[in-house]
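What follows is the content of query_16.csv, which has CSV, C-alpha atoms:
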chain,number,residue,atom,x,y,z
A,26,MET,CA,38.5,-27.9,33.5
A,27,THR,CA,38.1,-31.1,35.4
A,28,LEU,CA,35.1,-32.7,37.1
A,29,VAL,CA,36.5,-31.5,40.5
A,30,THR,CA,36.4,-27.9,39.3
A,31,ILE,CA,32.6,-27.8,39.2
A,32,PRO,CA,31.9,-28.6,42.8
A,33,ILE,CA,34.7,-26.3,43.9
A,34,ILE,CA,33.2,-23.4,41.9
A,35,MET,CA,29.7,-24.3,43.3
A,36,ALA,CA,31.1,-24.1,46.9
A,37,ALA,CA,32.8,-20.8,46.2
A,38,GLY,CA,29.5,-19.5,44.7
A,39,ALA,CA,27.7,-20.5,47.9
A,40,VAL,CA,30.1,-18.6,50.1
A,41,ALA,CA,30.1,-15.6,47.7
A,42,GLY,CA,26.2,-15.7,47.6
A,43,CYS,CA,25.9,-15.8,51.4
A,44,LEU,CA,28.3,-12.8,51.9
A,45,GLY,CA,26.8,-11.0,48.9
A,46,ALA,CA,23.2,-11.2,50.2
A,47,LEU,CA,24.3,-10.3,53.7
A,48,LEU,CA,26.2,-7.2,52.5
A,49,GLY,CA,24.2,-6.3,49.5
A,50,ILE,CA,27.2,-6.3,47.2
A,51,GLY,CA,26.4,-9.2,44.8
A,52,GLY,CA,29.2,-11.5,45.9
A,53,GLY,CA,31.3,-10.9,42.8
A,54,VAL,CA,34.0,-9.1,44.8
A,55,PHE,CA,34.6,-12.4,46.6
A,56,LEU,CA,34.2,-14.8,43.7
A,57,ILE,CA,36.4,-12.9,41.2
A,58,PRO,CA,39.6,-13.2,43.4
A,59,PHE,CA,38.9,-16.9,44.0
A,60,LEU,CA,38.4,-17.7,40.3
A,61,ASN,CA,41.2,-15.4,39.1
A,62,VAL,CA,43.9,-15.9,41.8
A,63,GLY,CA,42.7,-19.2,43.3
A,64,LEU,CA,41.8,-21.2,40.2
A,65,GLY,CA,43.9,-19.3,37.6
A,66,LEU,CA,41.1,-18.3,35.3
A,67,ASP,CA,41.8,-15.0,33.4
A,68,LEU,CA,40.2,-11.9,34.8
A,69,THR,CA,37.8,-11.4,32.0
A,70,THR,CA,36.4,-15.0,32.2
A,71,ALA,CA,36.1,-14.6,36.0
A,72,ALA,CA,34.3,-11.3,35.4
A,73,GLY,CA,31.8,-13.0,33.0
A,74,ILE,CA,31.0,-15.8,35.5
A,75,SER,CA,30.7,-13.2,38.3
A,76,LEU,CA,28.2,-11.1,36.4
A,77,MET,CA,25.9,-14.2,36.1
A,78,THR,CA,26.2,-14.7,39.9
A,79,VAL,CA,25.4,-11.1,40.5
A,80,ILE,CA,22.2,-11.4,38.5
A,81,ALA,CA,21.3,-14.6,40.4
A,82,THR,CA,21.9,-13.0,43.8
A,83,SER,CA,19.7,-10.1,42.8
A,84,SER,CA,16.9,-12.5,41.6
A,85,ILE,CA,17.0,-14.5,44.9
A,86,VAL,CA,16.8,-11.2,46.9
A,87,ALA,CA,13.7,-10.2,44.8
A,88,ALA,CA,12.1,-13.6,45.4
A,89,GLY,CA,12.7,-13.5,49.1
A,90,SER,CA,10.4,-11.8,51.7
A,91,SER,CA,12.7,-10.9,54.6
A,92,ASN,CA,13.9,-7.6,53.1
A,93,LYS,CA,10.7,-6.5,51.3
A,94,ASP,CA,10.0,-3.6,53.6
A,95,VAL,CA,13.6,-2.4,53.5
A,96,ILE,CA,14.0,-2.4,49.7
A,97,ASN,CA,13.5,1.1,48.3
A,98,LEU,CA,12.5,0.5,44.6
A,99,ARG,CA,12.1,4.1,43.7
A,100,LEU,CA,15.6,5.0,44.9
A,101,GLY,CA,16.9,1.8,43.3
A,102,ILE,CA,15.5,2.6,39.8
A,103,LEU,CA,16.8,6.2,40.1
A,104,LEU,CA,20.3,4.8,40.7
A,105,GLN,CA,20.1,2.4,37.8
A,106,ILE,CA,20.0,5.2,35.3
A,107,PRO,CA,23.7,6.1,35.7
A,108,ALA,CA,24.7,2.6,36.8
A,109,VAL,CA,23.5,0.9,33.5
A,110,ALA,CA,25.2,3.7,31.5
A,111,GLY,CA,28.4,3.1,33.4
A,112,ALA,CA,28.2,-0.7,33.0
A,113,LEU,CA,27.8,-0.3,29.2
A,114,LEU,CA,30.8,2.1,29.1
A,115,GLY,CA,32.8,-0.4,31.3
A,116,ALA,CA,32.0,-3.4,29.1
A,117,GLU,CA,32.9,-1.5,26.0
A,118,GLY,CA,36.2,-0.3,27.5
A,119,VAL,CA,37.4,-3.5,29.1
A,120,GLU,CA,39.2,-4.7,26.0
A,121,ALA,CA,41.3,-1.5,25.9
A,122,LEU,CA,42.8,-2.0,29.4
A,123,SER,CA,45.6,-4.4,30.4
A,124,GLN,CA,45.1,-7.0,33.1
A,125,ARG,CA,47.6,-5.1,35.2
A,126,SER,CA,45.6,-1.9,35.0
A,127,LEU,CA,42.3,-3.7,35.8
A,128,SER,CA,44.0,-5.3,38.8
A,129,MET,CA,45.3,-2.0,40.0
A,130,ILE,CA,41.9,-0.3,39.6
A,131,PHE,CA,40.3,-3.2,41.6
A,132,ALA,CA,42.9,-2.9,44.4
A,133,MET,CA,42.6,0.9,44.7
A,134,VAL,CA,38.8,1.0,44.8
A,135,THR,CA,38.4,-1.8,47.3
A,136,GLY,CA,41.1,-0.3,49.5
A,137,ILE,CA,39.5,3.1,49.5
A,138,ILE,CA,36.1,1.8,50.4
A,139,ALA,CA,37.5,-0.4,53.2
A,140,VAL,CA,39.1,2.8,54.8
A,141,VAL,CA,35.9,4.8,54.4
A,142,MET,CA,33.8,2.0,56.1
A,143,LEU,CA,36.2,1.8,59.0
A,144,ALA,CA,36.3,5.6,59.4
A,145,ARG,CA,32.5,5.8,59.6
A,146,LEU,CA,31.9,2.7,61.7
A,147,ASP,CA,29.7,4.3,64.3
A,148,ARG,CA,28.0,7.0,62.1
A,149,ARG,CA,24.4,5.9,61.5
A,150,ASN,CA,23.1,8.8,59.2
A,151,VAL,CA,19.4,8.2,59.9
A,152,LEU,CA,16.7,10.5,61.1
A,153,LEU,CA,15.3,8.9,64.2
A,154,ASP,CA,12.3,11.2,64.3
A,155,ALA,CA,9.6,9.1,62.6
A,156,SER,CA,7.5,12.2,61.9
A,157,ILE,CA,10.1,13.6,59.4
A,158,GLN,CA,9.1,13.3,55.8
A,159,PRO,CA,11.5,10.9,53.8
A,160,GLY,CA,11.1,12.9,50.6
A,161,PRO,CA,10.6,11.3,47.1
A,162,PHE,CA,13.6,9.0,47.4
A,163,GLY,CA,13.8,8.3,51.1
A,164,GLY,CA,12.0,5.6,53.0
A,165,SER,CA,11.1,4.1,56.4
A,166,TYR,CA,11.1,0.6,57.9
A,167,TYR,CA,10.9,-1.0,61.3
A,168,GLU,CA,14.3,-2.0,62.8
A,169,ALA,CA,14.0,-4.9,65.2
A,170,GLU,CA,17.6,-4.3,66.5
A,171,SER,CA,16.7,-0.9,68.0
A,172,GLY,CA,12.9,-1.5,68.2
A,173,ARG,CA,12.3,1.8,66.3
A,174,GLN,CA,10.8,3.0,63.1
A,175,ILE,CA,13.8,4.2,61.0
A,176,VAL,CA,13.1,7.1,58.7
A,177,TYR,CA,15.7,8.4,56.2
A,178,ARG,CA,15.9,11.0,53.5
A,179,LEU,CA,18.3,10.8,50.5
A,180,ARG,CA,20.9,13.5,50.8
A,181,ARG,CA,23.5,14.6,48.2
A,182,MET,CA,21.7,13.1,45.2
A,183,PRO,CA,24.5,14.1,42.7
A,184,ALA,CA,26.9,12.1,44.8
A,185,ALA,CA,24.6,9.1,44.8
A,186,LEU,CA,24.2,9.3,41.0
A,187,GLY,CA,27.9,9.8,40.5
A,188,ILE,CA,28.8,6.8,42.7
A,189,SER,CA,26.2,4.7,40.9
A,190,PHE,CA,27.8,5.6,37.6
A,191,SER,CA,31.2,4.7,38.9
A,192,GLY,CA,29.8,1.5,40.3
A,193,GLY,CA,28.4,0.7,36.9
A,194,ILE,CA,31.7,1.3,35.2
A,195,LEU,CA,33.4,-1.0,37.7
A,196,SER,CA,30.7,-3.6,37.1
A,197,GLY,CA,31.3,-3.5,33.4
A,198,LEU,CA,35.1,-3.6,33.7
A,199,LEU,CA,35.5,-6.2,36.5
A,200,GLY,CA,32.2,-8.1,36.5
A,201,ILE,CA,31.2,-7.1,40.0
A,202,GLY,CA,27.7,-5.8,41.0
A,203,GLY,CA,28.5,-2.2,41.6
A,204,GLY,CA,27.2,-2.5,45.1
A,205,ILE,CA,30.7,-2.5,46.3
A,206,LEU,CA,30.7,1.3,45.8
A,207,GLN,CA,27.0,2.0,46.2
A,208,VAL,CA,26.4,0.4,49.6
A,209,PRO,CA,29.1,2.2,51.6
A,210,ALA,CA,28.6,5.5,49.7
A,211,LEU,CA,24.9,5.6,50.2
A,212,ASN,CA,25.4,4.8,53.8
A,213,ALA,CA,28.3,7.2,54.5
A,214,TRP,CA,27.5,10.1,52.3
A,215,CYS,CA,23.8,10.0,51.3
A,216,GLY,CA,22.1,9.3,54.6
A,217,VAL,CA,20.7,5.8,53.7
A,218,PRO,CA,20.9,3.3,56.5
A,219,MET,CA,23.2,0.4,55.9
A,220,ARG,CA,20.4,-2.2,55.8
A,221,ALA,CA,18.3,-0.2,53.4
A,222,ALA,CA,21.3,0.5,51.2
A,223,ALA,CA,22.3,-3.1,51.2
A,224,ALA,CA,18.8,-4.5,50.5
A,225,THR,CA,18.0,-1.9,47.8
A,226,THR,CA,21.3,-2.4,46.1
A,227,ALA,CA,21.1,-6.2,46.2
A,228,ALA,CA,17.6,-6.1,44.6
A,229,MET,CA,18.8,-3.8,41.8
A,230,ILE,CA,22.4,-4.9,40.9
A,231,GLY,CA,20.9,-7.5,38.5
A,232,VAL,CA,19.8,-4.6,36.3
A,233,THR,CA,23.3,-3.1,36.6
A,234,ALA,CA,24.9,-6.4,35.6
A,235,LEU,CA,22.5,-6.6,32.7
A,236,GLY,CA,24.2,-3.4,31.4
A,237,SER,CA,27.3,-5.5,30.6
A,238,ALA,CA,26.4,-9.2,30.7
A,239,PRO,CA,25.0,-9.4,27.1
A,240,ILE,CA,28.2,-7.9,25.8
A,241,TYR,CA,30.4,-10.4,27.7
A,242,TYR,CA,28.0,-13.2,26.5
A,243,SER,CA,28.2,-12.1,22.8
A,244,ARG,CA,32.0,-12.0,23.0
A,245,GLY,CA,32.1,-15.6,24.4
A,246,ARG,CA,33.5,-14.5,27.8
A,247,ILE,CA,30.9,-16.5,29.8
A,248,VAL,CA,31.9,-20.2,30.2
A,249,ALA,CA,28.5,-21.8,30.5
A,250,PRO,CA,29.3,-24.9,32.8
A,251,LEU,CA,31.4,-22.8,35.2
A,252,ALA,CA,28.8,-20.0,35.3
A,253,ALA,CA,26.0,-22.6,35.9
A,254,ALA,CA,28.0,-24.2,38.8
A,255,ALA,CA,28.7,-20.7,40.3
A,256,VAL,CA,25.0,-19.7,40.0
A,257,LEU,CA,23.7,-22.8,41.6
A,258,GLY,CA,26.1,-22.3,44.5
A,259,VAL,CA,25.0,-18.7,44.8
A,260,LEU,CA,21.3,-19.7,44.9
A,261,ALA,CA,22.0,-21.9,48.0
A,262,GLY,CA,24.4,-19.4,49.7
A,263,SER,CA,22.3,-16.3,49.2
A,264,ARG,CA,19.3,-18.0,50.9
A,265,VAL,CA,21.5,-18.4,54.0
A,266,GLY,CA,22.7,-14.8,53.7
A,267,MET,CA,19.2,-13.5,53.5
A,268,TRP,CA,18.2,-15.4,56.5
A,269,MET,CA,21.1,-14.0,58.4
A,270,SER,CA,20.7,-10.4,57.2
A,271,PRO,CA,17.8,-9.2,59.5
A,272,ARG,CA,19.6,-10.8,62.5
A,273,ALA,CA,23.1,-9.3,61.9
A,274,ARG,CA,24.2,-6.1,63.6
A,275,ALA,CA,24.9,-3.1,61.3
A,276,ARG,CA,28.3,-2.5,63.0
A,277,TRP,CA,29.4,-6.1,62.4
A,278,LEU,CA,28.2,-5.9,58.8
A,279,LYS,CA,30.4,-2.9,58.3
A,280,LEU,CA,33.4,-4.5,60.0
A,281,LEU,CA,33.1,-7.7,58.0
A,282,MET,CA,32.8,-5.7,54.8
A,283,ALA,CA,35.8,-3.5,55.6
A,284,PHE,CA,37.9,-6.6,56.5
A,285,ILE,CA,37.1,-8.5,53.3
A,286,LEU,CA,37.6,-5.4,51.1
A,287,ALA,CA,41.0,-4.8,52.7
A,288,ALA,CA,42.0,-8.4,52.0
A,289,VAL,CA,40.8,-8.2,48.4
A,290,SER,CA,42.7,-4.9,47.9
A,291,LEU,CA,46.0,-6.3,49.2
A,292,THR,CA,45.6,-9.4,47.0
A,293,TYR,CA,45.1,-7.3,43.9
A,294,PHE,CA,47.9,-4.8,44.7
A,295,TYR,CA,50.2,-7.8,44.9
A,296,LYS,CA,48.8,-9.3,41.7
A,297,ALA,CA,49.2,-6.0,39.8
A,298,ALA,CA,52.8,-5.7,41.0
A,299,THR,CA,53.7,-9.2,39.9
A,300,LEU,CA,52.0,-9.1,36.4
B,17,MET,CA,-19.4,-18.8,52.4
B,18,THR,CA,-15.8,-17.8,52.0
B,19,THR,CA,-14.6,-14.7,50.1
B,20,ARG,CA,-11.4,-14.8,48.1
B,21,ARG,CA,-9.0,-12.0,49.0
B,22,PRO,CA,-7.4,-10.2,46.1
B,23,ARG,CA,-3.7,-11.1,45.7
B,24,SER,CA,-1.4,-8.2,46.3
B,25,PHE,CA,1.2,-7.0,43.9
B,26,GLU,CA,4.0,-8.0,46.3
B,27,HIS,CA,2.6,-11.5,46.4
B,28,ARG,CA,2.4,-11.9,42.6
B,29,TYR,CA,5.8,-10.2,42.2
B,30,ARG,CA,7.4,-12.5,44.7
B,31,TRP,CA,6.0,-15.6,43.0
B,32,LEU,CA,7.0,-14.5,39.6
B,33,SER,CA,10.5,-14.0,40.9
B,34,VAL,CA,10.5,-17.5,42.5
B,35,ALA,CA,9.2,-19.0,39.2
B,36,ILE,CA,12.0,-17.2,37.2
B,37,VAL,CA,14.7,-18.4,39.7
B,38,GLY,CA,13.2,-22.0,39.5
B,39,CYS,CA,13.3,-22.0,35.6
B,40,PHE,CA,17.0,-21.0,35.3
B,41,ALA,CA,18.1,-23.1,38.2
B,42,MET,CA,16.3,-26.1,36.6
B,43,ALA,CA,18.0,-25.4,33.3
B,44,PHE,CA,21.4,-25.1,34.9
B,45,ALA,CA,20.9,-28.3,37.0
B,46,VAL,CA,19.9,-30.3,34.0
B,47,GLY,CA,22.6,-28.8,31.8
B,48,LEU,CA,25.3,-29.4,34.4
B,49,GLY,CA,24.1,-33.0,34.9
B,50,LEU,CA,24.3,-33.7,31.2
B,51,HIS,CA,27.6,-31.9,31.0
B,52,LEU,CA,29.1,-34.2,33.7
B,53,THR,CA,28.0,-37.3,31.8
B,54,ASP,CA,28.7,-36.0,28.3
B,55,PRO,CA,31.0,-32.9,28.4
B,56,GLY,CA,30.3,-30.6,25.5
B,57,GLY,CA,27.2,-32.6,24.3
B,58,GLU,CA,24.5,-30.9,22.4
B,59,GLY,CA,21.8,-31.3,25.1
B,60,ALA,CA,24.1,-29.9,27.8
B,61,THR,CA,25.1,-26.9,25.7
B,62,LEU,CA,21.5,-26.2,24.9
B,63,ALA,CA,20.3,-26.4,28.5
B,64,LEU,CA,23.2,-24.4,29.9
B,65,HIS,CA,22.7,-21.6,27.3
B,66,ALA,CA,19.0,-21.6,27.9
B,67,GLY,CA,19.7,-21.1,31.6
B,68,LEU,CA,22.1,-18.2,30.8
B,69,VAL,CA,19.5,-16.5,28.6
B,70,LEU,CA,16.7,-17.0,31.2
B,71,LEU,CA,19.0,-15.6,33.9
B,72,MET,CA,19.8,-12.5,31.9
B,73,ALA,CA,16.1,-12.0,31.1
B,74,SER,CA,15.1,-12.2,34.8
B,75,PRO,CA,15.9,-8.6,35.9
B,76,ALA,CA,14.2,-7.2,32.8
B,77,VAL,CA,11.0,-9.3,33.5
B,78,ARG,CA,10.9,-8.1,37.1
B,79,MET,CA,11.4,-4.5,36.1
B,80,THR,CA,8.6,-4.8,33.5
B,81,VAL,CA,6.2,-6.2,36.1
B,82,ALA,CA,7.1,-3.6,38.7
B,83,THR,CA,6.6,-0.8,36.1
B,84,ALA,CA,3.2,-2.1,35.1
B,85,GLU,CA,2.1,-1.9,38.7
B,86,ARG,CA,3.5,1.7,39.1
B,87,LEU,CA,1.7,2.6,35.8
B,88,ARG,CA,-1.5,1.4,37.3
B,89,LYS,CA,-0.8,3.7,40.3
B,90,ARG,CA,0.0,6.5,38.0
B,91,ASP,CA,3.5,6.9,39.5
B,92,TRP,CA,4.8,8.7,36.4
B,93,ALA,CA,8.2,9.6,37.8
B,94,PHE,CA,8.9,5.9,38.4
B,95,VAL,CA,7.7,5.0,34.9
B,96,ALA,CA,9.8,7.7,33.3
B,97,MET,CA,12.9,6.6,35.2
B,98,THR,CA,12.3,2.9,34.2
B,99,LEU,CA,11.8,4.0,30.6
B,100,ILE,CA,15.3,5.6,30.6
B,101,VAL,CA,16.8,2.4,32.0
B,102,VAL,CA,14.9,0.3,29.3
B,103,ILE,CA,16.4,2.5,26.5
B,104,GLU,CA,19.8,2.1,28.0
B,105,LEU,CA,19.4,-1.7,28.1
B,106,ALA,CA,18.1,-1.7,24.5
B,107,ILE,CA,21.4,0.0,23.5
B,108,VAL,CA,23.3,-2.7,25.5
B,109,PHE,CA,21.5,-5.5,23.5
B,110,TRP,CA,22.1,-3.6,20.3
B,111,ARG,CA,25.8,-3.4,21.0
B,112,ALA,CA,25.9,-7.0,22.0
B,113,GLY,CA,24.3,-8.1,18.8
B,114,GLY,CA,26.4,-5.8,16.6
Encoded form (C-alpha cells):
Amino acid sequence: MTLVTIPIIMAAGAVAGCLGALLGIGGGVFLIPFLNVGLGLDLTTAAGISLMTVIATSSIVAAGSSNKDVINLRLGILLQIPAVAGALLGAEGVEALSQRSLSMIFAMVTGIIAVVMLARLDRRNVLLDASIQPGPFGGSYYEAESGRQIVYRLRRMPAALGISFSGGILSGLLGIGGGILQVPALNAWCGVPMRAAAATTAAMIGVTALGSAPIYYSRGRIVAPLAAAAVLGVLAGSRVGMWMSPRARARWLKLLMAFILAAVSLTYFYKAATL
Amino acid sequence: MTTRRPRSFEHRYRWLSVAIVGCFAMAFAVGLGLHLTDPGGEGATLALHAGLVLLMASPAVRMTVATAERLRKRDWAFVAMTLIVVIELAIVFWRAGG
C-alpha cells in the first residue's frame, strides 16, 4: 500500500457512497469491483472494507433528514430478522467457497437483478388511493414528483423475507449491503415504491452488515487504514447522494441501477472465467 | 415568557446519529493522519481500530434507541422483532469472539 492508494480509495468511497445513498444499496456493489479488479486486493479484503462503508452509508442516512418520512422502520426491522441470519451464515460459509465461485455468484445475482429492473421499468406498484389502509408493514409519504400522497401495502411477505435472507447471505459472502437484492425485489414483487424501498433499505443495511462485520474483523480481514479511507470518502459522497435522492426521478434511478448492475455482472463473469 | 418545546424522538435520534458519525469520522481522520506520518505506529493503529469499533457499534446503538422509543409507545410487535435481531447479533459477536 502506498500513500497514493489512500486518496484513491477515498475518492472511490465518495463515488460509491453517492451512488449507494441514491439507490439505497450501500455502495458496496460499486466499491468491491474497484478494490478487487481495479486495485488488485483480494475479494475477501475488498469485502471487509466494503462492509465498513455499508455501515457508514447506513449511519449517514439515519443522521440525515431528507428521507425521514420515507423510511419505514417497522418494515425495515422485520426484514432484518432473516437478513442478519443470512449474513451470519454467509460470513461463516465464505471460507469454504473459492474466489471463482464467489465471483460467479456475484456475476449471476447482479445480472438477474439488472434484467428484472429493466423488465419492470414502468411498473410502479403503489396504491394511489390515499384512503387505502397500508397495513402493519406498509406506509405513506408525500411524493413531490407527482404531487400526491403515496400509500403502499406490503404484498407477498414470504417473498420479502426470503429475499432479505438471500440478501443477508450475499452480504456475508461478498461484503455488500444486501440492498442490491432487497431494493429491486421490494419494488418489483412486494408493492413497495422504489423511493421507500431504497430509503428503508439504506437505513437498515448497517444492521445487516453488522451480521458479518465482527466475524470479518476478528479474522483480520479488515485493513484498518484502507477501511478508514473508504469510510471517510463514503461520508462525503453519501451526503451528495442524499441531497440528490428526493430530486431524482424513479425511472432514472431504476435505469441507472440496471446499467451499473449489468456492468458489474459482465466484469465478474469475465473475472470468474479467467481465474 | 418563553416556553421550551419538548424535543421529539426524531430530533434526538437524528442528533445521536450525527454524534456517532462525528465520533468515528474523527477517529478515522486522526488515525489516517497519524498513519500517513508514521505508518503502522501505535497511535495510528489505536485510533483506526477505535474508529472501526465505534462504526460497528453505531447500528446497534441506533437500534437500541429506536426500540426504547417504541417500548414507550407500547409497540410490542416492533420490540419483539428487535429482540430477535438482538439475539441474532449476540450470536454473531459470540462467533466472532470464539
Contacts of Gly65 (chain A) at 12 Å or less, counting all atoms listed in the file, minus same-chain residues fewer than 6 places along, as a ChimeraX atom specification? /A:26,30,57-59,71,296
Would you mind telling me which residue in A:Ala121, A:Val265, A:Ile247, A:Leu281 lies nearest to Met77 (chain A) when using all atoms listed in the file? A:Ile247
Within 10 Å of Ala43 (chain B), counting all atoms listed in the file, which residues qualify if same-chain residues fewer than 6 places away don't, as an MDAnalysis selection string? (chainID A and resid 253) or (chainID B and resid 49 60 62:68 70:71)
Distance query Ala139 (chain A) at most 6 Å, all atoms listed in the file, self and fewer than 5 positions along chain excluded, as an mmCIF file with C-alpha atoms, keeping the file's coordinate frame:
data_model
loop_
_atom_site.group_PDB
_atom_site.id
_atom_site.type_symbol
_atom_site.label_atom_id
_atom_site.label_comp_id
_atom_site.auth_asym_id
_atom_site.auth_seq_id
_atom_site.Cartn_x
_atom_site.Cartn_y
_atom_site.Cartn_z
ATOM 1 C CA ALA A 283 35.800 -3.500 55.600
ATOM 2 C CA LEU A 286 37.600 -5.400 51.100
ATOM 3 C CA ALA A 287 41.000 -4.800 52.700
#
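For the choices A:Ala132, A:Ala37, A:Val79, A:Val217, the atom-to-atom distance to chain B is smallest for A:Val79 when using all atoms listed in the file.
Among the candidates A:Ala222, A:Leu103, A:Ala110, A:Ile34, the one nearest to Ser196 (chain A) when counting only C-alpha atoms is A:Ala110.
Our summary of the geometry notes that CA of Val140 (chain A) is positioned 21.1 Å from CA of Ala221 (chain A).
With all atoms listed in the file as the atoms that count, the residue of B:Ala96, B:Val69, B:Leu50, B:Val34 with the shortest distance to chain A is B:Val34.
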So which residues touch Ala234 (chain A) within 10 Å, counting only C-alpha atoms, skipping near sequence neighbours fewer than 2 positions away, as JSON, numbers by chain? {"A": [51, 73, 75, 76, 77, 78, 79, 80, 83, 108, 109, 112, 113, 193, 196, 197, 200, 201, 202, 203, 229, 230, 231, 232, 236, 237, 238, 239], "B": [72, 75]}
Please write the residues from the selection above to a file, keeping C-alpha atoms, as a CSV table (one decimal), in the frame of the given file.
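To be explicit, this is the file written out as part.csv:
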chain,number,residue,atom,x,y,z
A,51,GLY,CA,26.4,-9.2,44.8
A,73,GLY,CA,31.8,-13.0,33.0
A,75,SER,CA,30.7,-13.2,38.3
A,76,LEU,CA,28.2,-11.1,36.4
A,77,MET,CA,25.9,-14.2,36.1
A,78,THR,CA,26.2,-14.7,39.9
A,79,VAL,CA,25.4,-11.1,40.5
A,80,ILE,CA,22.2,-11.4,38.5
A,83,SER,CA,19.7,-10.1,42.8
A,108,ALA,CA,24.7,2.6,36.8
A,109,VAL,CA,23.5,0.9,33.5
A,112,ALA,CA,28.2,-0.7,33.0
A,113,LEU,CA,27.8,-0.3,29.2
A,193,GLY,CA,28.4,0.7,36.9
A,196,SER,CA,30.7,-3.6,37.1
A,197,GLY,CA,31.3,-3.5,33.4
A,200,GLY,CA,32.2,-8.1,36.5
A,201,ILE,CA,31.2,-7.1,40.0
A,202,GLY,CA,27.7,-5.8,41.0
A,203,GLY,CA,28.5,-2.2,41.6
A,229,MET,CA,18.8,-3.8,41.8
A,230,ILE,CA,22.4,-4.9,40.9
A,231,GLY,CA,20.9,-7.5,38.5
A,232,VAL,CA,19.8,-4.6,36.3
A,236,GLY,CA,24.2,-3.4,31.4
A,237,SER,CA,27.3,-5.5,30.6
A,238,ALA,CA,26.4,-9.2,30.7
A,239,PRO,CA,25.0,-9.4,27.1
B,72,MET,CA,19.8,-12.5,31.9
B,75,PRO,CA,15.9,-8.6,35.9
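Shortest atom-to-atom contact with Tyr167 (chain A) among A:Ala224, A:Cys215, A:Val95, A:Ile240: A:Val95, counting all atoms listed in the file.
Going from CA of Ser165 (chain A) over to CA of Asp94 (chain A), you cover 8.3 Å.
With all atoms listed in the file as the basis for measurement, B:Leu48 is the residue among B:Trp92, B:Arg28, B:Cys39, B:Leu48 that approaches chain A most closely.
All residues of protein, DNA or RNA that reach within 12 Å of Leu99 (chain B), judged by all atoms listed in the file and not counting those fewer than 3 positions away in the chain, are Ile102, Leu103, Gln105 and Ile106 of chain A; Ala76, Met79, Thr80, Thr83, Ala84, Leu87, Trp92, Ala93, Phe94, Val95, Ala96, Val102, Ile103, Glu104, Leu105 and Ala106 of chain B.
Here CA of Ile130 (chain A) and CA of Leu251 (chain A) stand 25.2 Å from one another.
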